[in-house]
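Containing compact mmCIF, C-alpha atoms: model_10.txt.
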```txt
# COMPACT_ATOMS: atom_id res chain seq x y z
CA MET A 1 11.99 19.25 -3.04
CA GLN A 2 8.79 17.50 -3.90
CA ALA A 3 7.53 13.95 -3.82
CA LYS A 4 4.42 12.10 -4.93
CA PHE A 5 3.15 9.37 -2.69
CA ILE A 6 1.41 7.01 -5.08
CA SER A 7 -0.15 3.79 -3.89
CA SER A 8 -0.64 1.08 -6.49
CA HIS A 9 -4.23 0.78 -5.33
CA LEU A 10 -4.92 4.41 -6.06
CA GLY A 11 -4.15 4.29 -9.76
CA ASN A 12 -4.75 7.81 -10.99
CA ALA A 13 -6.60 8.78 -7.83
CA ILE A 14 -3.72 10.37 -6.04
CA ASN A 15 -1.26 11.01 -8.85
CA ASP A 16 -1.97 14.73 -8.68
CA LEU A 17 -1.55 14.97 -4.90
CA GLU A 18 1.95 16.37 -4.46
CA LEU A 19 3.24 16.73 -0.92
CA GLN A 20 6.10 19.18 -0.58
CA TYR A 21 8.34 18.08 2.25
CA HIS A 22 11.62 18.41 4.05
CA ARG A 23 13.52 15.33 5.16
CA VAL A 24 13.31 14.88 8.94
CA THR A 25 16.49 14.08 10.83
CA PRO A 26 16.59 11.92 13.98
CA SER A 27 16.58 15.08 16.10
CA GLY A 28 13.30 16.18 14.52
CA ASN A 29 14.97 18.88 12.41
CA GLN A 30 14.05 19.42 8.80
CA THR A 31 16.44 19.94 5.94
CA GLY A 32 15.95 20.80 2.31
CA PRO A 33 18.29 20.46 -0.66
CA THR A 34 19.76 23.92 -0.16
CA SER A 35 18.64 24.86 3.34
CA GLN A 36 20.30 24.64 6.72
CA PRO A 37 18.65 22.44 9.37
CA ARG A 38 15.81 24.21 11.13
CA ALA A 39 14.10 23.02 14.29
CA VAL A 40 10.57 21.82 13.63
CA THR A 41 9.58 23.14 17.06
CA SER A 42 9.95 26.73 15.90
CA ILE A 43 6.94 28.95 16.52
CA TYR A 44 5.16 30.01 13.35
CA ALA A 45 4.01 33.62 13.05
CA SER A 46 0.27 33.22 12.81
CA SER A 47 -2.21 34.29 15.45
CA VAL A 48 -4.49 31.47 14.29
CA GLU A 49 -1.93 28.94 15.44
CA GLU A 50 -1.95 30.24 18.99
CA LYS A 51 -5.63 29.41 19.47
CA ILE A 52 -6.96 26.17 20.90
CA HIS A 53 -9.29 25.20 18.08
CA ALA A 54 -10.99 22.47 20.13
CA LEU A 55 -12.37 25.19 22.41
CA ARG A 56 -14.12 27.10 19.63
CA ILE A 57 -15.57 24.16 17.68
CA ASN A 58 -18.73 22.48 19.00
CA PHE A 59 -18.93 19.69 16.38
CA ASP A 60 -22.68 20.22 16.18
CA GLY A 61 -22.56 21.15 12.50
CA ASP A 62 -19.93 23.87 12.65
CA PHE A 63 -17.10 21.58 11.47
CA GLN A 64 -17.44 20.27 7.93
CA ILE A 65 -15.64 17.84 5.67
CA GLU A 66 -16.43 17.97 1.95
CA GLY A 67 -19.33 20.27 2.77
CA ARG A 68 -20.90 17.74 5.14
CA PRO A 69 -21.02 18.26 8.92
CA LEU A 70 -18.84 16.02 11.06
CA ILE A 71 -20.97 15.55 14.17
CA MET A 72 -19.36 14.46 17.43
CA ARG A 73 -19.96 14.67 21.16
CA PRO A 74 -16.47 14.90 22.63
CA ASP A 75 -15.58 15.96 26.13
CA ARG A 76 -14.46 19.57 26.30
CA PRO A 77 -10.68 20.12 26.51
CA THR A 78 -11.17 21.91 29.82
CA LYS A 79 -13.00 18.99 31.44
CA GLY A 80 -10.68 17.38 33.94
CA GLY A 81 -10.37 13.78 35.01
CA THR A 82 -11.62 12.23 31.78
CA GLU A 83 -10.12 9.77 29.31
CA THR A 84 -7.89 11.68 26.90
CA GLY A 85 -9.34 9.73 23.98
CA LEU A 86 -12.78 11.23 24.63
CA ARG A 87 -11.57 14.72 23.79
CA VAL A 88 -10.71 16.28 20.43
CA TRP A 89 -7.19 17.65 20.19
CA ASP A 90 -5.95 20.36 17.85
CA CYS A 91 -3.61 17.96 16.07
CA GLY A 92 -6.56 15.79 15.04
CA ILE A 93 -8.48 18.85 13.84
CA MET A 94 -5.48 19.96 11.79
CA LEU A 95 -5.07 16.50 10.24
CA ALA A 96 -8.79 16.30 9.40
CA LYS A 97 -8.65 19.67 7.65
CA TYR A 98 -5.47 18.67 5.81
CA ILE A 99 -7.40 15.69 4.44
CA ASP A 100 -10.36 17.90 3.52
CA ARG A 101 -8.16 20.44 1.76
CA ASN A 102 -5.92 18.08 -0.22
CA MET A 103 -7.92 14.94 -0.98
CA THR A 104 -11.05 14.77 -3.11
CA VAL A 105 -13.86 12.23 -2.95
CA ALA A 106 -12.66 10.80 -6.26
CA GLN A 107 -9.17 10.29 -4.80
CA CYS A 108 -10.41 8.72 -1.57
CA SER A 109 -13.24 6.54 -2.86
CA GLY A 110 -12.60 2.90 -2.02
CA LEU A 111 -9.40 3.45 -0.07
CA LYS A 112 -8.77 1.01 2.77
CA VAL A 113 -7.83 3.03 5.84
CA VAL A 114 -7.13 2.21 9.47
CA GLU A 115 -6.66 4.75 12.24
CA VAL A 116 -4.63 3.82 15.31
CA GLY A 117 -5.32 5.45 18.67
CA CYS A 118 -8.36 7.04 17.06
CA GLY A 119 -9.97 8.53 20.18
CA THR A 120 -13.03 10.43 18.94
CA GLY A 121 -12.21 9.33 15.38
CA ILE A 122 -11.97 12.80 13.85
CA ALA A 123 -9.26 11.92 11.32
CA GLY A 124 -10.69 8.58 10.23
CA LEU A 125 -14.25 9.86 10.02
CA SER A 126 -13.01 12.70 7.82
CA LEU A 127 -11.67 10.20 5.29
CA ALA A 128 -14.90 8.19 5.54
CA LEU A 129 -16.77 11.38 4.62
CA LYS A 130 -14.54 11.48 1.54
CA GLY A 131 -15.62 7.98 0.48
CA ALA A 132 -12.95 5.80 2.11
CA ASP A 133 -13.58 2.53 3.96
CA VAL A 134 -12.22 3.27 7.43
CA THR A 135 -11.54 1.11 10.46
CA LEU A 136 -11.15 3.11 13.67
CA THR A 137 -9.12 1.41 16.39
CA ASP A 138 -8.41 2.15 20.02
CA LEU A 139 -8.90 0.81 23.55
CA PRO A 140 -12.22 -0.26 25.14
CA SER A 141 -12.41 3.03 27.09
CA VAL A 142 -13.38 4.95 23.92
CA GLU A 143 -15.30 2.25 22.04
CA CYS A 144 -18.80 3.38 23.04
CA ARG A 145 -18.19 7.08 22.27
CA THR A 146 -16.49 6.37 18.96
CA ASN A 147 -19.32 4.08 17.88
CA ASP A 148 -21.72 6.90 18.75
CA HIS A 149 -19.77 9.21 16.45
CA ILE A 150 -19.90 6.64 13.66
CA ALA A 151 -23.68 6.41 14.07
CA LEU A 152 -24.10 10.19 14.13
CA ASN A 153 -22.34 10.45 10.77
CA ALA A 154 -23.56 7.23 9.18
CA ASP A 155 -25.95 8.85 6.69
CA ASN A 156 -23.40 11.36 5.42
CA ILE A 157 -20.69 8.70 5.22
CA ALA A 158 -23.01 6.47 3.18
CA ALA A 159 -23.91 9.40 0.93
CA ALA A 160 -20.21 9.89 0.24
CA GLY A 161 -19.81 6.19 -0.60
CA GLY A 162 -17.63 5.50 2.44
CA SER A 163 -17.89 3.29 5.50
CA ALA A 164 -16.67 3.31 9.08
CA CYS A 165 -16.43 0.75 11.84
CA PHE A 166 -14.63 0.40 15.17
CA LYS A 167 -12.32 -2.43 16.25
CA LEU A 168 -10.33 -2.87 19.41
CA LEU A 169 -6.56 -2.61 18.99
CA ASP A 170 -4.29 -2.57 22.02
CA TRP A 171 -0.73 -1.87 20.88
CA ARG A 172 0.50 -4.07 23.74
CA LYS A 173 -1.52 -7.05 22.46
CA LEU A 174 -0.94 -6.99 18.72
CA GLY A 175 -0.98 -10.77 18.45
CA VAL A 176 -4.78 -10.86 18.64
CA TRP A 177 -5.25 -8.44 15.71
CA ASP A 178 -6.64 -9.89 12.47
CA ASN A 179 -4.00 -8.69 10.04
CA SER A 180 -5.60 -10.05 6.89
CA GLU A 181 -6.36 -6.60 5.43
CA THR A 182 -3.92 -4.54 3.36
CA TYR A 183 -4.36 -0.81 3.87
CA ASP A 184 -3.69 2.18 1.67
CA TRP A 185 -3.35 4.59 4.59
CA VAL A 186 -2.70 4.25 8.30
CA LEU A 187 -3.79 7.35 10.23
CA ALA A 188 -2.44 8.53 13.57
CA ALA A 189 -3.24 11.86 15.23
CA ASP A 190 -1.45 13.00 18.37
CA CYS A 191 -1.40 9.54 19.90
CA VAL A 192 2.27 9.54 20.97
CA TRP A 193 2.34 12.10 23.77
CA HIS A 194 4.63 10.17 26.13
CA HIS A 195 7.89 8.36 25.47
CA SER A 196 6.46 5.13 26.94
CA PHE A 197 4.25 4.80 23.83
CA ILE A 198 7.06 4.95 21.26
CA ASN A 199 7.95 1.27 21.03
CA ASP A 200 4.39 -0.07 21.00
CA PHE A 201 3.26 2.59 18.51
CA THR A 202 6.11 1.69 16.17
CA LYS A 203 5.33 -2.03 16.39
CA ALA A 204 1.69 -1.31 15.55
CA LEU A 205 2.71 0.67 12.45
CA VAL A 206 5.06 -2.11 11.33
CA LEU A 207 2.29 -4.67 11.70
CA LEU A 208 -0.21 -2.61 9.68
CA CYS A 209 2.24 -1.61 6.94
CA ASN A 210 4.18 -4.85 6.57
CA LYS A 211 1.85 -6.74 4.22
CA ASP A 212 2.59 -4.38 1.31
CA PRO A 213 5.04 -1.59 2.23
CA SER A 214 5.02 -0.24 -1.32
CA ARG A 215 1.28 0.43 -1.02
CA THR A 216 0.69 1.46 2.59
CA ARG A 217 1.49 4.98 3.81
CA VAL A 218 1.14 6.45 7.28
CA LEU A 219 -0.39 9.91 7.64
CA PHE A 220 0.84 11.04 11.04
CA GLY A 221 -0.23 14.21 12.83
CA HIS A 222 2.14 14.85 15.71
CA LYS A 223 2.46 17.56 18.33
CA LEU A 224 6.08 18.45 19.06
CA ARG A 225 6.07 18.58 22.84
CA SER A 226 9.76 18.25 23.73
CA SER A 227 13.08 17.00 22.38
CA ASP A 228 12.96 14.25 25.03
CA LEU A 229 9.98 12.80 23.16
CA ASN A 230 10.55 13.85 19.55
CA GLU A 231 14.15 12.73 19.12
CA PRO A 232 13.60 9.17 20.44
CA LEU A 233 10.36 8.88 18.44
CA PHE A 234 11.84 9.84 15.08
CA GLU A 235 14.98 7.83 15.76
CA HIS A 236 13.00 4.71 16.66
CA LEU A 237 10.86 5.01 13.55
CA ARG A 238 13.94 5.33 11.36
CA LYS A 239 15.62 2.42 13.15
CA ASN A 240 12.58 0.31 12.25
CA SER A 241 12.87 1.09 8.52
CA PHE A 242 10.43 4.00 8.23
CA THR A 243 11.18 6.99 6.06
CA ILE A 244 9.83 10.24 7.47
CA GLN A 245 8.71 13.13 5.30
CA LYS A 246 7.20 16.31 6.67
CA VAL A 247 4.30 17.85 4.76
CA ASN A 248 4.87 21.48 3.80
CA ARG A 249 2.80 23.65 6.12
CA GLU A 250 1.53 25.61 3.12
CA LEU A 251 -0.62 22.57 2.34
CA LEU A 252 -2.29 22.67 5.76
CA HIS A 253 -5.54 24.59 6.21
CA PRO A 254 -4.58 28.12 7.32
CA ASP A 255 -7.54 28.42 9.68
CA TYR A 256 -6.67 25.28 11.63
CA LEU A 257 -2.92 25.47 12.12
CA ASN A 258 -1.25 24.68 15.41
CA ALA A 259 2.17 26.14 16.19
CA LYS A 260 3.60 22.93 17.61
CA SER A 261 1.91 20.36 15.36
CA ASP A 262 2.89 19.03 11.96
CA VAL A 263 1.81 16.34 9.52
CA TYR A 264 4.21 13.65 8.34
CA VAL A 265 4.05 10.87 5.77
CA LEU A 266 5.82 7.68 6.83
CA GLN A 267 6.57 4.63 4.73
CA LEU A 268 8.09 1.30 5.62
CA GLN A 269 11.05 0.83 3.28
CA GLU A 270 10.69 -2.92 3.02
CA ALA A 271 8.85 -5.80 4.63
CA VAL A 272 10.47 -6.77 7.89
CA GLN A 273 10.29 -9.84 10.06
CA ILE A 274 7.58 -9.19 12.62
CA PRO A 275 8.55 -10.35 16.11
CA SER A 276 6.20 -12.41 18.21
CA PHE A 277 3.75 -10.09 19.92
```
Have the structure of the file written as structure tokens, please.
Amino acid sequence: MQAKFISSHLGNAINDLELQYHRVTPSGNQTGPTSQPRAVTSIYASSVEEKIHALRINFDGDFQIEGRPLIMRPDRPTKGGTETGLRVWDCGIMLAKYIDRNMTVAQCSGLKVVEVGCGTGIAGLSLALKGADVTLTDLPSVECRTNDHIALNADNIAAAGGSACFKLLDWRKLGVWDNSETYDWVLAADCVWHHSFINDFTKALVLLCNKDPSRTRVLFGHKLRSSDLNEPLFEHLRKNSFTIQKVNRELLHPDYLNAKSDVYVLQLQEAVQIPSF
């Protein structure tokens, strides 16, 4: 089964980007038109996927998007006692390389993108290096580091015709967010790692997608940690009118796979009444 996710803003930009997917059930299983349900937490037979990519990448020029280095100064994954948003996680690396492999500068130029729970900003900065106009959002604890990463990549982002900025967005205080912008893509990379985040994360996605659900898509990189997290997450998203489509792993970069992580495309089926935040 195949689908094309075509935003009206993209015109011909993304018409050729076909994402093969399996429908995701509330339990996190995937089904195809002729296949039996298969758990998405199955371990894939690739030695690459068993590596922790964040340990082998220094982000000092050794990680590139569209042939340009993505420079960052994250905390090492092995450094204890630090803010999780100051580290780079494999799911974010995988999502960044999915973007690099499947989206061209011509397709991304001028796109309006917002990343929620951006942390170091690896996913959003990757799209900025493809020419998109990206707003990175997170809590104050990562603002300084993320702004440093924006500055480190400013010249290459400008050369690609993109832009990047940081804005504070606390999912628990959505009422203060300026929701005047309509986005083509909402990015999220491994930012729901505990069940206590599910409700606030979903409300944030509804807020950002609700102005024009036919246009806005969510590109969601998610690590499948346990059924106690995955099943409530997918169920809550579906309950709040999101369709969930899993990107075929053949479209992911083979050198940056992670056995327990996948990429999903979400879309709000229709505009919904936003509750008071």
**Item:** Nearest to Leu187 of chain A, chosen from A:Met103, A:Leu169, A:Ile93, A:Leu127, with only C-alpha atoms counted in the distances
**Value:**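 Between A:Met103, A:Leu169, A:Ile93, A:Leu127, the residue approaching Leu187 of chain A most closely is A:Leu127.
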**Prompt:** If you measure from atom CA of Val105 of chain A to atom CA of Asn156 of chain A, what distance in Å do you get, rounded to one decimal?
**Reply:**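 Atom-to-atom, atom CA of Val105 of chain A to atom CA of Asn156 of chain A, that is 12.7 Å.
Between atom CA of Asp155 of chain A and atom CA of Arg73 of chain A the interatomic distance comes to 16.7 Å.
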**Prompt:** Which polymer residues, protein or nucleic acid, are no farther than 12 Å from (-17.4, 12.7, 20.4), counting all atoms listed in the file, as number ranges by chain?
**Reply:** A: 54, 57-60, 70-77, 83-89, 118-122, 125, 142-153
**Complete:** Restricting to all atoms listed in the file, whichever of A:Phe166, A:Phe220, A:Tyr183, A:Phe201 is closest to Ile99 of chain A is A:Phe220
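Between atom CA of Thr137 of chain A and atom CA of Ala204 of chain A the separation is 11.2 Å.
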**Shell of 9 Å around His53 of chain A, all atoms listed in the file, local chain residues under 5 positions omitted, as a PyMOL selection string** = chain A and resi 48+89-90+93+256-258
Selection to disk with C-alpha atoms, as a PDB file, in the coordinates of the input:
```
ATOM      1  CA  VAL A  48      -4.490  31.470  14.290  1.00  0.00           C
ATOM      2  CA  TRP A  89      -7.190  17.650  20.190  1.00  0.00           C
ATOM      3  CA  ASP A  90      -5.950  20.360  17.850  1.00  0.00           C
ATOM      4  CA  ILE A  93      -8.480  18.850  13.840  1.00  0.00           C
ATOM      5  CA  TYR A 256      -6.670  25.280  11.630  1.00  0.00           C
ATOM      6  CA  LEU A 257      -2.920  25.470  12.120  1.00  0.00           C
ATOM      7  CA  ASN A 258      -1.250  24.680  15.410  1.00  0.00           C
TER       8      ASN A 258
END
```
**Request:** Would you mind telling me which residue in A:Arg101, A:Arg215, A:Arg225, A:Lys203 lies nearest to Glu250 of chain A when using all atoms listed in the file?
**Result:** A:Arg101
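Of the listed residues (A:Leu268, A:Leu251, A:Cys191, A:Ile52), A:Cys191 comes nearest to Leu233 of chain A; the distances count all atoms listed in the file.
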**Request:** Using all atoms listed in the file, find the one residue out of A:Asp133, A:Asp262, A:Asp138, A:Asp100 that sits nearest to Leu224 of chain A.
**Result:**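 Closest candidate: A:Asp262.
Here the question is which of A:Asp170, A:Glu235, A:Asp212, A:Glu115 gets nearest to Ser141 of chain A using all atoms listed in the file, and that residue is A:Asp170.
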**Prompt:** Is there a way to get, as a ChimeraX atom specification, all residues within 12 Å of the point (-5.8, -4.1, 1.8) in file coordinates, counting all atoms listed in the file?
**Reply:** /A:7-10,110-114,133-135,179-186,208-217
